[in-house]
Amino acid sequence: TLRFVPHSDVKILDPIWTTAYVQRAFGYMVWDVLFALDANYEVKPQMVDTWSVSDDKLTWTFTLREGLVWSDGTPVTGEDCIASIKRWGARDSMGQKMMGSVAGFESVDARTFKMKMKEPYGLVLQSLGKPSSNVPFMMPKKTADTDPMTQIKVEDVIGSGPFVFVAKEWKPGEKVVFLKNTTYKPRAEPPSGLAGGKVAKVERIEWVSIPDSQTAINALMSNEIDMIEAPAHDLLPVLEKDKNVDIF
């Protein structure tokens, strides 16, 4: 178990409904994305296997990697991705801009879908691979069909990412629990930025809420927790004196 203190408590589970960074981080734990930025800020495929754009730049075709499944065991489909893009595109400013040039979507087969444009749009991959709130996380269609102005339900937090959210252990103000997703298939490439193979190296992660900075520091130094995302700057000298603490 890795015990981690994030910069904020998790009170909302829907990273499309809110732009809060802690929900973005929650999203990357549970869900996956079609494209992502690597360490050089270049767009790389994540859930996507192959993609193409027509000569007139009006039809984008995306085919998902084989073997992608949701944590409930059902396969990830192009229909799921279409619904997810639409919901994200209703809330995110960059998504709204892209969707203004979209004429519609077409499901070709279980793993392939098309996005048809009214006019060429040069930031399609940059939009689908954007790393910041709101991130276009792919969700099951039944989740993505939730009204964009309504939060998804706890029972609808079903992802295809490297970890699974344990709803029965979630205690707002106390902890969030994730377990390694045994059905997740990382990409073959080495990890780079938010792209590449996301290999889960621990079985369980607990996000622990410790609002008081000094209490969090004491917990880290006594090995009650393993990591603090954002320790108070005025307490960094205390941590620097502890040879068992690594600051990075």
# chains A, B, ... in the order shown; residues from 1 in each chain; ligands from 1

call {"tool": "residues_around", "arguments": {"residues": "segment 37-50 of chain A", "least_positions_apart": "5", "cutoff": "8 Å", "atoms": "only C-alpha atoms", "output": "PyMOL selection string"}}
result
chain A and resi 32+62-66+68+125-126+129-131+187+192-196

call {"tool": "write_last_selection", "arguments": {"atoms": "N, CA, C and O atoms", "output": "PDB file, in the first residue's frame"}}
result
ATOM      1  N   ASP A  32      -8.829   6.518 -18.718  1.00  0.00           N
ATOM      2  CA  ASP A  32      -7.730   6.682 -19.660  1.00  0.00           C
ATOM      3  C   ASP A  32      -8.162   7.662 -20.741  1.00  0.00           C
ATOM      4  O   ASP A  32      -9.326   8.089 -20.790  1.00  0.00           O
ATOM      5  N   PHE A  62     -10.528   6.933 -35.942  1.00  0.00           N
ATOM      6  CA  PHE A  62      -9.750   6.449 -34.799  1.00  0.00           C
ATOM      7  C   PHE A  62     -10.089   4.980 -34.539  1.00  0.00           C
ATOM      8  O   PHE A  62     -11.264   4.612 -34.478  1.00  0.00           O
ATOM      9  N   THR A  63      -9.070   4.161 -34.377  1.00  0.00           N
ATOM     10  CA  THR A  63      -9.265   2.757 -34.008  1.00  0.00           C
ATOM     11  C   THR A  63      -8.577   2.504 -32.668  1.00  0.00           C
ATOM     12  O   THR A  63      -7.386   2.812 -32.498  1.00  0.00           O
ATOM     13  N   LEU A  64      -9.324   1.954 -31.719  1.00  0.00           N
ATOM     14  CA  LEU A  64      -8.809   1.706 -30.371  1.00  0.00           C
ATOM     15  C   LEU A  64      -7.888   0.492 -30.344  1.00  0.00           C
ATOM     16  O   LEU A  64      -7.963  -0.389 -31.201  1.00  0.00           O
ATOM     17  N   ARG A  65      -7.039   0.441 -29.331  1.00  0.00           N
ATOM     18  CA  ARG A  65      -6.195  -0.734 -29.130  1.00  0.00           C
ATOM     19  C   ARG A  65      -7.063  -1.954 -28.805  1.00  0.00           C
ATOM     20  O   ARG A  65      -8.138  -1.828 -28.210  1.00  0.00           O
ATOM     21  N   GLU A  66      -6.575  -3.113 -29.174  1.00  0.00           N
ATOM     22  CA  GLU A  66      -7.292  -4.345 -28.852  1.00  0.00           C
ATOM     23  C   GLU A  66      -7.218  -4.619 -27.355  1.00  0.00           C
ATOM     24  O   GLU A  66      -6.244  -4.288 -26.690  1.00  0.00           O
ATOM     25  N   LEU A  68      -9.023  -3.470 -24.788  1.00  0.00           N
ATOM     26  CA  LEU A  68      -9.382  -2.468 -23.781  1.00  0.00           C
ATOM     27  C   LEU A  68     -10.725  -2.830 -23.152  1.00  0.00           C
ATOM     28  O   LEU A  68     -11.709  -3.047 -23.859  1.00  0.00           O
ATOM     29  N   LEU A 125      -5.948  16.723 -32.418  1.00  0.00           N
ATOM     30  CA  LEU A 125      -5.145  15.864 -31.545  1.00  0.00           C
ATOM     31  C   LEU A 125      -4.725  16.596 -30.272  1.00  0.00           C
ATOM     32  O   LEU A 125      -4.701  16.008 -29.186  1.00  0.00           O
ATOM     33  N   GLN A 126      -4.425  17.880 -30.398  1.00  0.00           N
ATOM     34  CA  GLN A 126      -4.058  18.663 -29.212  1.00  0.00           C
ATOM     35  C   GLN A 126      -5.234  18.795 -28.252  1.00  0.00           C
ATOM     36  O   GLN A 126      -5.052  18.848 -27.030  1.00  0.00           O
ATOM     37  N   GLY A 129      -5.786  15.351 -26.604  1.00  0.00           N
ATOM     38  CA  GLY A 129      -4.654  14.969 -25.764  1.00  0.00           C
ATOM     39  C   GLY A 129      -4.306  15.989 -24.708  1.00  0.00           C
ATOM     40  O   GLY A 129      -3.261  15.881 -24.074  1.00  0.00           O
ATOM     41  N   LYS A 130      -5.174  16.976 -24.474  1.00  0.00           N
ATOM     42  CA  LYS A 130      -4.842  18.052 -23.534  1.00  0.00           C
ATOM     43  C   LYS A 130      -4.715  17.500 -22.112  1.00  0.00           C
ATOM     44  O   LYS A 130      -5.488  16.654 -21.672  1.00  0.00           O
ATOM     45  N   PRO A 131      -3.726  17.989 -21.362  1.00  0.00           N
ATOM     46  CA  PRO A 131      -3.436  17.395 -20.055  1.00  0.00           C
ATOM     47  C   PRO A 131      -4.114  18.060 -18.872  1.00  0.00           C
ATOM     48  O   PRO A 131      -3.977  17.589 -17.755  1.00  0.00           O
ATOM     49  N   ARG A 187       0.451   0.374 -22.503  1.00  0.00           N
ATOM     50  CA  ARG A 187       1.104   0.431 -23.799  1.00  0.00           C
ATOM     51  C   ARG A 187       2.519  -0.127 -23.667  1.00  0.00           C
ATOM     52  O   ARG A 187       3.086  -0.184 -22.576  1.00  0.00           O
ATOM     53  N   SER A 192       6.367   8.346 -20.541  1.00  0.00           N
ATOM     54  CA  SER A 192       6.964   9.637 -20.845  1.00  0.00           C
ATOM     55  C   SER A 192       5.895  10.701 -20.655  1.00  0.00           C
ATOM     56  O   SER A 192       4.910  10.730 -21.386  1.00  0.00           O
ATOM     57  N   GLY A 193       6.077  11.550 -19.660  1.00  0.00           N
ATOM     58  CA  GLY A 193       5.029  12.529 -19.365  1.00  0.00           C
ATOM     59  C   GLY A 193       3.751  11.809 -18.981  1.00  0.00           C
ATOM     60  O   GLY A 193       3.741  10.941 -18.100  1.00  0.00           O
ATOM     61  N   LEU A 194       2.657  12.132 -19.668  1.00  0.00           N
ATOM     62  CA  LEU A 194       1.380  11.458 -19.426  1.00  0.00           C
ATOM     63  C   LEU A 194       1.123  10.363 -20.455  1.00  0.00           C
ATOM     64  O   LEU A 194       0.049   9.776 -20.488  1.00  0.00           O
ATOM     65  N   ALA A 195       2.117  10.100 -21.302  1.00  0.00           N
ATOM     66  CA  ALA A 195       1.979   9.107 -22.360  1.00  0.00           C
ATOM     67  C   ALA A 195       2.786   7.849 -22.029  1.00  0.00           C
ATOM     68  O   ALA A 195       3.460   7.770 -21.005  1.00  0.00           O
ATOM     69  N   GLY A 196       2.707   6.860 -22.920  1.00  0.00           N
ATOM     70  CA  GLY A 196       3.473   5.633 -22.744  1.00  0.00           C
ATOM     71  C   GLY A 196       2.789   4.657 -21.809  1.00  0.00           C
ATOM     72  O   GLY A 196       1.636   4.813 -21.421  1.00  0.00           O
TER      73      GLY A 196
END

call {"tool": "residues_around", "arguments": {"residues": "Arg204 of chain A", "least_positions_apart": "4", "cutoff": "7 Å", "atoms": "only C-alpha atoms", "output": "CSV table (one decimal) with N, CA, C and O atoms, in the first residue's frame"}}
result
chain,number,residue,atom,x,y,z
A,1,THR,N,0.8,-1.2,0.0
A,1,THR,CA,0.0,0.0,0.0
A,1,THR,C,0.9,1.3,0.0
A,1,THR,O,1.8,1.4,0.8
A,2,LEU,N,0.5,2.2,-0.9
A,2,LEU,CA,1.2,3.5,-0.9
A,2,LEU,C,0.2,4.5,-0.3
A,2,LEU,O,-0.9,4.6,-0.8
A,178,PHE,N,-7.7,3.3,-4.0
A,178,PHE,CA,-7.6,2.7,-5.3
A,178,PHE,C,-6.9,1.4,-5.3
A,178,PHE,O,-6.0,1.2,-4.5
A,179,LEU,N,-7.4,0.4,-6.1
A,179,LEU,CA,-6.7,-0.9,-6.2
A,179,LEU,C,-6.2,-1.0,-7.7
A,179,LEU,O,-6.7,-0.5,-8.6
A,180,LYS,N,-5.1,-1.7,-7.8
A,180,LYS,CA,-4.5,-2.0,-9.1
A,180,LYS,C,-5.6,-2.6,-10.0
A,180,LYS,O,-6.2,-3.6,-9.6

call {"tool": "select_by_dssp", "arguments": {"residues": "segment 108-218 of chain A", "states": "strand (DSSP E)", "output": "PyMOL selection string"}}
result
chain A and resi 112-117+137-138+163-165+175-180+204-208

call {"tool": "residues_around", "arguments": {"residues": "Ile217 of chain A", "least_positions_apart": "3", "cutoff": "8 Å", "atoms": "only C-alpha atoms", "output": "NGL selection string"}}
result
:A and (213-214 or 220-221 or 231 or 235 or 239)

call {"tool": "residues_around", "arguments": {"residues": "segment 136-141 of chain A", "least_positions_apart": "4", "cutoff": "6 Å", "atoms": "only C-alpha atoms", "output": "list in words"}}
result
Trp31, Asp32, Val33, Asp80, Cys81, Ala83, Ser84, Trp88 and Asp145 of chain A

call {"tool": "write_last_selection", "arguments": {"atoms": "N, CA and C atoms", "output": "compact mmCIF listing (two decimals), in the first residue's frame"}}
result
# COMPACT_ATOMS: atom_id res chain seq x y z
N TRP A 31 -9.53 6.61 -15.14
CA TRP A 31 -9.90 6.56 -16.56
C TRP A 31 -8.65 6.67 -17.43
N ASP A 32 -8.83 6.52 -18.72
CA ASP A 32 -7.73 6.68 -19.66
C ASP A 32 -8.16 7.66 -20.74
N VAL A 33 -7.23 8.02 -21.60
CA VAL A 33 -7.47 9.04 -22.62
C VAL A 33 -7.11 8.49 -23.99
N ASP A 80 -18.62 4.37 -26.72
CA ASP A 80 -18.24 4.96 -25.43
C ASP A 80 -17.45 6.24 -25.65
N CYS A 81 -16.51 6.18 -26.59
CA CYS A 81 -15.64 7.33 -26.84
C CYS A 81 -16.42 8.51 -27.44
N ALA A 83 -19.60 9.24 -26.95
CA ALA A 83 -20.38 9.85 -25.86
C ALA A 83 -19.48 10.65 -24.93
N SER A 84 -18.27 10.13 -24.67
CA SER A 84 -17.35 10.82 -23.77
C SER A 84 -16.85 12.13 -24.36
N TRP A 88 -17.52 15.81 -22.63
CA TRP A 88 -16.38 16.68 -22.35
C TRP A 88 -16.47 17.96 -23.17
N ASP A 145 -23.31 9.46 -20.87
CA ASP A 145 -24.63 9.98 -21.23
C ASP A 145 -25.24 10.85 -20.13

call {"tool": "select_by_dssp", "arguments": {"residues": "segment 60-242 of chain A", "states": "alpha helix (DSSP H)", "output": "PyMOL selection string"}}
result
chain A and resi 78-91+93-99+124-128+141-144+213-221+236-240

call {"tool": "write_last_selection", "arguments": {"atoms": "C-alpha atoms", "output": "mmCIF file, in the first residue's frame"}}
result
data_model
loop_
_atom_site.group_PDB
_atom_site.id
_atom_site.type_symbol
_atom_site.label_atom_id
_atom_site.label_comp_id
_atom_site.auth_asym_id
_atom_site.auth_seq_id
_atom_site.Cartn_x
_atom_site.Cartn_y
_atom_site.Cartn_z
ATOM 1 C CA GLY A 78 -16.143 3.542 -30.119
ATOM 2 C CA GLU A 79 -19.660 4.395 -28.921
ATOM 3 C CA ASP A 80 -18.239 4.957 -25.427
ATOM 4 C CA CYS A 81 -15.644 7.331 -26.842
ATOM 5 C CA ILE A 82 -18.173 9.269 -28.923
ATOM 6 C CA ALA A 83 -20.383 9.847 -25.864
ATOM 7 C CA SER A 84 -17.346 10.817 -23.766
ATOM 8 C CA ILE A 85 -16.084 13.349 -26.311
ATOM 9 C CA LYS A 86 -19.537 14.916 -26.538
ATOM 10 C CA ARG A 87 -19.892 15.294 -22.755
ATOM 11 C CA TRP A 88 -16.382 16.677 -22.347
ATOM 12 C CA GLY A 89 -16.903 18.975 -25.340
ATOM 13 C CA ALA A 90 -19.952 20.503 -23.673
ATOM 14 C CA ARG A 91 -17.947 21.648 -20.625
ATOM 15 C CA SER A 93 -13.457 25.487 -23.398
ATOM 16 C CA MET A 94 -11.040 23.834 -25.844
ATOM 17 C CA GLY A 95 -13.572 21.051 -26.354
ATOM 18 C CA GLN A 96 -16.313 23.577 -27.077
ATOM 19 C CA LYS A 97 -14.083 25.222 -29.675
ATOM 20 C CA MET A 98 -13.357 21.899 -31.376
ATOM 21 C CA MET A 99 -16.973 20.775 -31.265
ATOM 22 C CA VAL A 124 -7.968 17.947 -33.032
ATOM 23 C CA LEU A 125 -5.145 15.864 -31.545
ATOM 24 C CA GLN A 126 -4.058 18.663 -29.212
ATOM 25 C CA SER A 127 -7.637 18.927 -27.950
ATOM 26 C CA LEU A 128 -8.094 15.192 -27.398
ATOM 27 C CA LYS A 141 -21.460 5.342 -22.590
ATOM 28 C CA LYS A 142 -23.922 4.946 -19.706
ATOM 29 C CA THR A 143 -21.694 7.236 -17.625
ATOM 30 C CA ALA A 144 -20.919 9.675 -20.440
ATOM 31 C CA SER A 213 0.663 20.852 7.155
ATOM 32 C CA GLN A 214 2.658 20.170 10.326
ATOM 33 C CA THR A 215 0.620 17.041 11.032
ATOM 34 C CA ALA A 216 1.234 15.815 7.489
ATOM 35 C CA ILE A 217 4.998 16.443 7.824
ATOM 36 C CA ASN A 218 5.100 14.565 11.122
ATOM 37 C CA ALA A 219 3.200 11.662 9.558
ATOM 38 C CA LEU A 220 5.704 11.500 6.691
ATOM 39 C CA MET A 221 8.725 11.576 9.002
ATOM 40 C CA LEU A 236 10.727 22.201 3.651
ATOM 41 C CA PRO A 237 13.846 22.922 5.786
ATOM 42 C CA VAL A 238 12.522 20.432 8.332
ATOM 43 C CA LEU A 239 12.173 17.766 5.654
ATOM 44 C CA GLU A 240 15.574 18.557 4.158
#

call {"tool": "residues_around", "arguments": {"residues": "segment 9-18 of chain A", "least_positions_apart": "6", "cutoff": "8 Å", "atoms": "only C-alpha atoms", "output": "PyMOL selection string"}}
result
chain A and resi 24+26-27+87-88+91-92+133-136+148-152+154+157+172-174+176+209

call {"tool": "closest_residue", "arguments": {"among": "A:Tyr28, A:Thr74, A:Arg3, A:Lys118", "to": "Leu58 of chain A", "atoms": "only C-alpha atoms"}}
result
A:Lys118

call {"tool": "atom_distance", "arguments": {"atom1": "atom CA of Trp60 of chain A", "atom2": "atom CA of Met115 of chain A"}}
result
5.1 Å

call {"tool": "atom_distance", "arguments": {"atom1": "atom CA of Ser52 of chain A", "atom2": "atom CA of Thr77 of chain A"}}
result
17.9 Å

call {"tool": "closest_residue", "arguments": {"among": "A:Glu203, A:Glu155, A:Asp242, A:Glu106", "to": "Asn181 of chain A", "atoms": "only C-alpha atoms"}}
result
A:Glu203
